[in-house]
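All remarks here apply to the structure that follows.
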Amino acid sequence: MENLKKKLQQIEQSQVIEFLEAISPDRKASLLRQIEGLDFQKIPEWVKKYVKNQDSVKIPDHFDPAPSYPARPNTAEQVQRYADAVKTGQDLISRGKVAGLVVAGGQGTRLGFDGPKGNYPISPVQNKTLFQIFAENLLAAGKKYNTIIPFYIMTSPLNDAATVAIFQAADFYGLGSENVFIFQQGSLPNFDFDGNILLAEKDTIASSPDGHGGSLKALCDSGAMADMQHRGIEILSYWQVDNPLVRVIDPLFIGLHAADKAEMSSKALLKAGPTEKVGNFCLVDGKVTVIEYSDLPREAAYRKTEDGSLAFELGSIGIHLIDVSFIEKLNNGGDFALPLHRAVKKIPYMDKNGNRIQPQAPNGVKLETFVFDAIPLADRSVILQTVRAEEFAPVKNAAGADSAEVTRQMMVARAAAWLEAAGAQVPRKSDNAPDCTLEIAPSFALAADDLKAKLDQIPPIKPGSKCYLG
Ligand code: UTP
């Protein structure tokens with residue numbers, strides 16, 4: 001005990017045992033376990049570098065726009081390259097080399113939904129949840145390529161049990177429990193502005209999930225990596241839990257990544273404007289690097305090229321391919337750690353007198369890591385542009401922009417576009433929005449091309465009707 005007290009004194013965090021003598025033996029044991037789990041070596045550095053220092057993000061002196069593959073090939077050479085890549089991707093998928101990874105450990109505070117965000121009902125006709133949509137996509141892709149595509153799901157200590165219960169109750173959405181691997185990310189302590197670790201309760205350190213970047217470590221620590229290696233998985237298709245439009249298994253993307261021998265690749269969107277709140281793909285010392293929208297200097301954000309487009313036009317949307325061997329390399333390279341990012345938040349805490357305080361204004365700092373900070377650590381990295389209406393409709397907010405309502409509209413709009421491209425008639429309103437509610441199950445079509453062969457199975461769609469193709 002004396003030893004622990006001394007260690008806490010050395011890192012100036014003795015306040016975490018303020019109530020130690022006032023709590024019951026089992027609560028005391030629980031608190032001591034949490035304290036032992038703290039990274040005593042790194043905490044002083046975090047406090048100095050990230051908690052007290054408001055300018056912890058260093059913008060490189062020189063950076064350029066990152067090169068990318070366009071969403072559609074532009075030249076004959078590119079047409080050939082894309083066709084070859086699709087074949088390579090299909091081959092890797094069929095040989096069971098690809099798995100899905102969704103990061104679902106976020107707290108979803110902006111949406112304000114009770115429970116894991118993945119359980120949010122979103123599909124326009126059937127009200128399927130995000131988790132169900134992803135699982136059905138993986139199941140359908142597995143059927144299409146005659147293989148099994150395992151599903152790895154990262155949770156946090158806050159939503160792990162609830163997520164496991166959801167998958168169990170849904171009988172793993174038909175994937176088979178043996179093909180679903182749910183694992184937890186780590187946590188980091190929360191600090192006040194002076195660098196003191198906060199207590200959430202007398203026996204509980206205030207902490208929060210360590211960000212989506214925590215996936216790269218948690219995959220290893222949880223045994224998920226070992227499971228992948230056992231199955232022969234080589235590439236992880238990574239996406240965020242809030243985006244039901246994501247093409248979870250994309251042969252073209254996989255093929256380009258593999259053909260270029262990339263270790264970590266990304267999909268990108270053409271930004272909607274100079275300051276859209278997405279990370280910017282840049283090139284720093286020859287390495288693809290994401291600079292957050294809040295850190296991109298104004299001049300760079302507004303800079304235009306000769307053809308009038310934004311110089312930094314590629315936005316990051318949390319869709320990546322990550323080689324299993326790259327994750328292994330990172331974790332085996334000694335003390336692997338992604339940089340931390342600070343977020344100023346309202347953090348409920350226990351004051352010196354043992355009163356629980358719900359602050360009305362931000363009172364402290366949460367730290368997290370971002371997965372895209374691993375991209376520059378990769379030897380090679382590919383960026384493939386994608387089209388917003390095809391692949392990006394995140395559910396972030398309860399209302400307004402990026403809300404469930406907008407996401408559902410985009411799901412219907414994409415289904416309508418796919419149907420029309422296949423030759424079906426879709427009733428439209430005077431403003432050109434579909435005059436019907438449409439939903440295409442992944443088992444019916446994974447992409448627009450799959451619909452063409454099924455035209456005879458598509459019933460006439462009446463104005464104002466609901467149509468589910470499943
Ligand atoms: P967001 O940045 O949207 O954060 O996460 P959030 O926590 O879900 O939502 P807000 O900001 O509280 O409203 C982007 C993706 O990263 C995952 C989320 O689950 C989401 O898929 N994530 C985020 C994690 O898995 N772990 C984290 O610690 C943070």
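Going through the structure tokens in order, the chains are called A, B, and so on, while each chain numbers its residues from 1 and the ligands are numbered from 1 in the order shown.
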Taking only C-alpha atoms and all ligand atoms into account, list the residues no farther than 6 Å from ligand 1, as a VMD selection string.
chain A and resid 103 to 111 209 to 212 240 to 242 396
Closest atom pairs, residues of region 219-239 of chain A within 10 Å of region 146-152 of chain A, only C-alpha atoms, as a Markdown table:
| residue | atom | partner | partner_atom | distance |
| --- | --- | --- | --- | --- |
| A:Leu219 | CA | A:Tyr152 | CA | 8.9 |
| A:Ala224 | CA | A:Tyr152 | CA | 7.6 |
| A:Met225 | CA | A:Tyr152 | CA | 10.0 |
| A:Asp227 | CA | A:Pro150 | CA | 10.0 |
| A:Met228 | CA | A:Pro150 | CA | 8.7 |
| A:Arg231 | CA | A:Pro150 | CA | 9.2 |
| A:Ile233 | CA | A:Pro150 | CA | 9.0 |
| A:Leu236 | CA | A:Tyr152 | CA | 9.1 |
| A:Ser237 | CA | A:Phe151 | CA | 9.7 |
| A:Tyr238 | CA | A:Tyr152 | CA | 9.4 |
Please produce an output containing N, CA and C atoms for each residue in the selection, written as an mmCIF file, in the first residue's frame.
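Printed below is again-v3.cif as written:
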data_model
loop_
_atom_site.group_PDB
_atom_site.id
_atom_site.type_symbol
_atom_site.label_atom_id
_atom_site.label_comp_id
_atom_site.auth_asym_id
_atom_site.auth_seq_id
_atom_site.Cartn_x
_atom_site.Cartn_y
_atom_site.Cartn_z
ATOM 1 N N LEU A 219 -7.228 -5.290 -30.870
ATOM 2 C CA LEU A 219 -7.308 -6.490 -31.715
ATOM 3 C C LEU A 219 -6.273 -7.516 -31.247
ATOM 4 N N ALA A 224 -8.266 -11.344 -30.884
ATOM 5 C CA ALA A 224 -8.894 -11.281 -32.214
ATOM 6 C C ALA A 224 -7.860 -11.527 -33.311
ATOM 7 N N MET A 225 -6.657 -10.980 -33.122
ATOM 8 C CA MET A 225 -5.594 -11.168 -34.115
ATOM 9 C C MET A 225 -5.230 -12.640 -34.248
ATOM 10 N N ASP A 227 -7.117 -15.092 -33.634
ATOM 11 C CA ASP A 227 -8.238 -15.747 -34.315
ATOM 12 C C ASP A 227 -8.138 -15.537 -35.827
ATOM 13 N N MET A 228 -7.769 -14.326 -36.235
ATOM 14 C CA MET A 228 -7.623 -14.034 -37.668
ATOM 15 C C MET A 228 -6.498 -14.849 -38.282
ATOM 16 N N ARG A 231 -7.480 -18.295 -38.882
ATOM 17 C CA ARG A 231 -8.387 -18.440 -40.027
ATOM 18 C C ARG A 231 -7.711 -18.106 -41.357
ATOM 19 N N ILE A 233 -6.918 -14.971 -42.228
ATOM 20 C CA ILE A 233 -7.356 -13.641 -42.680
ATOM 21 C C ILE A 233 -6.126 -12.752 -42.896
ATOM 22 N N LEU A 236 -8.287 -6.681 -43.190
ATOM 23 C CA LEU A 236 -9.496 -6.303 -42.456
ATOM 24 C C LEU A 236 -10.171 -5.135 -43.162
ATOM 25 N N SER A 237 -11.456 -5.291 -43.416
ATOM 26 C CA SER A 237 -12.228 -4.175 -43.949
ATOM 27 C C SER A 237 -12.837 -3.451 -42.746
ATOM 28 N N TYR A 238 -12.439 -2.211 -42.553
ATOM 29 C CA TYR A 238 -12.752 -1.447 -41.336
ATOM 30 C C TYR A 238 -13.788 -0.373 -41.647
#
Would you list the contacts of Leu245 (chain A) as a PyMOL selection string, taking every protein, DNA or RNA residue within 10 Å and counting only C-alpha atoms, but skipping same-chain residues closer than 2 positions in sequence?
chain A and resi 130+133-134+242-243+247-248+388-394+407-408+410-411+414
Which residues are close to Leu330 (chain A), i.e. within 9 Å by only C-alpha atoms, leaving aside same-chain residues fewer than 6 positions away? Reply as a PDB file with N, CA and C atoms, in the first residue's frame.
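Everything below was put into around_30.pdb:
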ATOM      1  N   LEU A 216      -6.402  -0.902 -32.895  1.00  0.00           N
ATOM      2  CA  LEU A 216      -5.172  -1.543 -33.369  1.00  0.00           C
ATOM      3  C   LEU A 216      -4.461  -2.304 -32.243  1.00  0.00           C
ATOM      4  N   LYS A 217      -4.630  -1.824 -31.031  1.00  0.00           N
ATOM      5  CA  LYS A 217      -4.037  -2.520 -29.896  1.00  0.00           C
ATOM      6  C   LYS A 217      -5.003  -3.599 -29.377  1.00  0.00           C
ATOM      7  N   PHE A 336       4.210   0.400 -28.862  1.00  0.00           N
ATOM      8  CA  PHE A 336       3.410   1.044 -29.905  1.00  0.00           C
ATOM      9  C   PHE A 336       2.317   1.931 -29.292  1.00  0.00           C
ATOM     10  N   ALA A 337       2.282   3.175 -29.671  1.00  0.00           N
ATOM     11  CA  ALA A 337       1.211   4.058 -29.209  1.00  0.00           C
ATOM     12  C   ALA A 337       0.933   5.110 -30.263  1.00  0.00           C
ATOM     13  N   ALA A 374      -2.497   5.900 -37.859  1.00  0.00           N
ATOM     14  CA  ALA A 374      -1.624   4.772 -38.194  1.00  0.00           C
ATOM     15  C   ALA A 374      -1.248   4.787 -39.679  1.00  0.00           C
ATOM     16  N   LEU A 377       2.249   5.347 -40.726  1.00  0.00           N
ATOM     17  CA  LEU A 377       3.176   4.301 -40.269  1.00  0.00           C
ATOM     18  C   LEU A 377       3.249   3.152 -41.270  1.00  0.00           C
TER      19      LEU A 377
END
Residue list (helix (DSSP H, G or I), DSSP) for region 239-374 of chain A, as an NGL selection string:
:A and (251-259 or 298-302 or 324-332 or 371-374)
With only C-alpha atoms as the atoms that count, which of A:Ile322, A:Leu269, A:Ala343, A:Ile122 lies nearest to Ser381 (chain A)?
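Answer, going by the shortest atom-to-atom distance: A:Ile322.
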I'd like to know which of A:Gly142, A:Pro244, A:Gly400, A:Pro65 is closest to Pro121 (chain A), using only C-alpha atoms.
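Answer, going by the shortest atom-to-atom distance: A:Pro244.
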List the spatial neighbours of Asp203 (chain A) as a PyMOL selection string - criterion: any atom at most 8 Å away, only C-alpha atoms, same-chain residues fewer than 2 positions off excluded.
chain A and resi 19-20+23+27-28+30-31+199-201+205
Export of prior selection with C-alpha atoms as a PDB file, in the first residue's frame:
ATOM      1  CA  PHE A  19     -11.711   8.234  -0.222  1.00  0.00           C
ATOM      2  CA  LEU A  20      -9.862   4.929   0.138  1.00  0.00           C
ATOM      3  CA  ILE A  23     -15.162   2.815   1.295  1.00  0.00           C
ATOM      4  CA  ARG A  27     -14.991  -1.284  -3.327  1.00  0.00           C
ATOM      5  CA  LYS A  28     -11.474  -0.569  -2.107  1.00  0.00           C
ATOM      6  CA  SER A  30     -11.970  -2.521  -7.095  1.00  0.00           C
ATOM      7  CA  LEU A  31     -10.407   0.950  -6.917  1.00  0.00           C
ATOM      8  CA  LEU A 199     -12.936  10.279  -9.774  1.00  0.00           C
ATOM      9  CA  ALA A 200     -16.380   9.398 -11.136  1.00  0.00           C
ATOM     10  CA  GLU A 201     -17.304   7.815  -7.791  1.00  0.00           C
ATOM     11  CA  ILE A 205     -11.714   6.496 -11.744  1.00  0.00           C
TER      12      ILE A 205
END
Out of A:Asn363, A:Pro116, A:Asp379, A:Tyr302, which residue has the shortest atom-to-atom distance to Lys329 (chain A) when counting only C-alpha atoms?
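Among the listed residues, A:Asp379 lies closest to Lys329 (chain A).
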Could you give me, as number ranges by chain, the residues within 9 Å of Gln90 (chain A), counting only C-alpha atoms and dropping anything in the same chain fewer than 5 positions from it?
A: 85, 95, 145, 250-252, 254-255
Near region 272-280 of chain A, counting only C-alpha atoms, which residues have an atom at most 8 Å away, once you skip same-chain residues fewer than 6 positions from it, shown as a PDB file with N, CA, C and O atoms, in the first residue's frame?
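Written output follows (around.pdb):
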ATOM      1  N   VAL A 290      -3.560  12.120 -42.289  1.00  0.00           N
ATOM      2  CA  VAL A 290      -4.839  12.835 -42.173  1.00  0.00           C
ATOM      3  C   VAL A 290      -4.655  14.028 -41.245  1.00  0.00           C
ATOM      4  O   VAL A 290      -4.183  13.881 -40.116  1.00  0.00           O
ATOM      5  N   ILE A 291      -5.015  15.189 -41.746  1.00  0.00           N
ATOM      6  CA  ILE A 291      -5.013  16.391 -40.896  1.00  0.00           C
ATOM      7  C   ILE A 291      -6.473  16.751 -40.619  1.00  0.00           C
ATOM      8  O   ILE A 291      -7.271  16.901 -41.553  1.00  0.00           O
ATOM      9  N   GLU A 292      -6.808  16.838 -39.357  1.00  0.00           N
ATOM     10  CA  GLU A 292      -8.194  17.100 -38.979  1.00  0.00           C
ATOM     11  C   GLU A 292      -8.678  18.443 -39.508  1.00  0.00           C
ATOM     12  O   GLU A 292      -7.897  19.377 -39.641  1.00  0.00           O
ATOM     13  N   TYR A 293      -9.984  18.536 -39.731  1.00  0.00           N
ATOM     14  CA  TYR A 293     -10.536  19.794 -40.285  1.00  0.00           C
ATOM     15  C   TYR A 293     -10.226  20.973 -39.376  1.00  0.00           C
ATOM     16  O   TYR A 293      -9.956  22.069 -39.837  1.00  0.00           O
ATOM     17  N   SER A 294     -10.217  20.701 -38.074  1.00  0.00           N
ATOM     18  CA  SER A 294      -9.993  21.803 -37.124  1.00  0.00           C
ATOM     19  C   SER A 294      -8.523  22.237 -37.116  1.00  0.00           C
ATOM     20  O   SER A 294      -8.200  23.321 -36.626  1.00  0.00           O
ATOM     21  N   LEU A 296      -6.497  22.030 -40.041  1.00  0.00           N
ATOM     22  CA  LEU A 296      -6.036  22.444 -41.375  1.00  0.00           C
ATOM     23  C   LEU A 296      -6.055  23.980 -41.444  1.00  0.00           C
ATOM     24  O   LEU A 296      -7.101  24.595 -41.249  1.00  0.00           O
ATOM     25  N   ALA A 301      -7.221  25.138 -46.480  1.00  0.00           N
ATOM     26  CA  ALA A 301      -8.603  24.661 -46.637  1.00  0.00           C
ATOM     27  C   ALA A 301      -9.266  25.305 -47.852  1.00  0.00           C
ATOM     28  O   ALA A 301     -10.021  24.656 -48.573  1.00  0.00           O
ATOM     29  N   TYR A 302      -8.993  26.587 -48.072  1.00  0.00           N
ATOM     30  CA  TYR A 302      -9.655  27.318 -49.163  1.00  0.00           C
ATOM     31  C   TYR A 302      -8.863  27.313 -50.471  1.00  0.00           C
ATOM     32  O   TYR A 302      -9.360  27.774 -51.498  1.00  0.00           O
ATOM     33  N   LEU A 310     -11.027  22.267 -54.988  1.00  0.00           N
ATOM     34  CA  LEU A 310     -10.240  22.481 -53.771  1.00  0.00           C
ATOM     35  C   LEU A 310      -8.927  21.709 -53.870  1.00  0.00           C
ATOM     36  O   LEU A 310      -8.917  20.552 -54.317  1.00  0.00           O
ATOM     37  N   PHE A 312      -7.143  20.684 -51.311  1.00  0.00           N
ATOM     38  CA  PHE A 312      -7.306  19.588 -50.337  1.00  0.00           C
ATOM     39  C   PHE A 312      -8.772  19.169 -50.387  1.00  0.00           C
ATOM     40  O   PHE A 312      -9.597  19.615 -49.610  1.00  0.00           O
ATOM     41  N   GLU A 313      -9.068  18.307 -51.342  1.00  0.00           N
ATOM     42  CA  GLU A 313     -10.478  17.996 -51.614  1.00  0.00           C
ATOM     43  C   GLU A 313     -10.896  16.645 -51.055  1.00  0.00           C
ATOM     44  O   GLU A 313     -12.061  16.313 -51.066  1.00  0.00           O
ATOM     45  N   LEU A 314      -9.931  15.863 -50.545  1.00  0.00           N
ATOM     46  CA  LEU A 314     -10.266  14.503 -50.137  1.00  0.00           C
ATOM     47  C   LEU A 314     -10.534  14.417 -48.637  1.00  0.00           C
ATOM     48  O   LEU A 314      -9.666  14.689 -47.821  1.00  0.00           O
ATOM     49  N   GLY A 315     -11.762  14.029 -48.290  1.00  0.00           N
ATOM     50  CA  GLY A 315     -12.144  13.911 -46.888  1.00  0.00           C
ATOM     51  C   GLY A 315     -12.143  12.458 -46.445  1.00  0.00           C
ATOM     52  O   GLY A 315     -12.502  11.555 -47.206  1.00  0.00           O
ATOM     53  N   SER A 316     -11.742  12.248 -45.207  1.00  0.00           N
ATOM     54  CA  SER A 316     -11.698  10.889 -44.663  1.00  0.00           C
ATOM     55  C   SER A 316     -13.046  10.523 -44.052  1.00  0.00           C
ATOM     56  O   SER A 316     -13.653  11.320 -43.336  1.00  0.00           O
ATOM     57  N   ILE A 317     -13.522   9.303 -44.337  1.00  0.00           N
ATOM     58  CA  ILE A 317     -14.865   8.901 -43.874  1.00  0.00           C
ATOM     59  C   ILE A 317     -14.825   7.615 -43.046  1.00  0.00           C
ATOM     60  O   ILE A 317     -15.822   6.914 -42.923  1.00  0.00           O
TER      61      ILE A 317
END
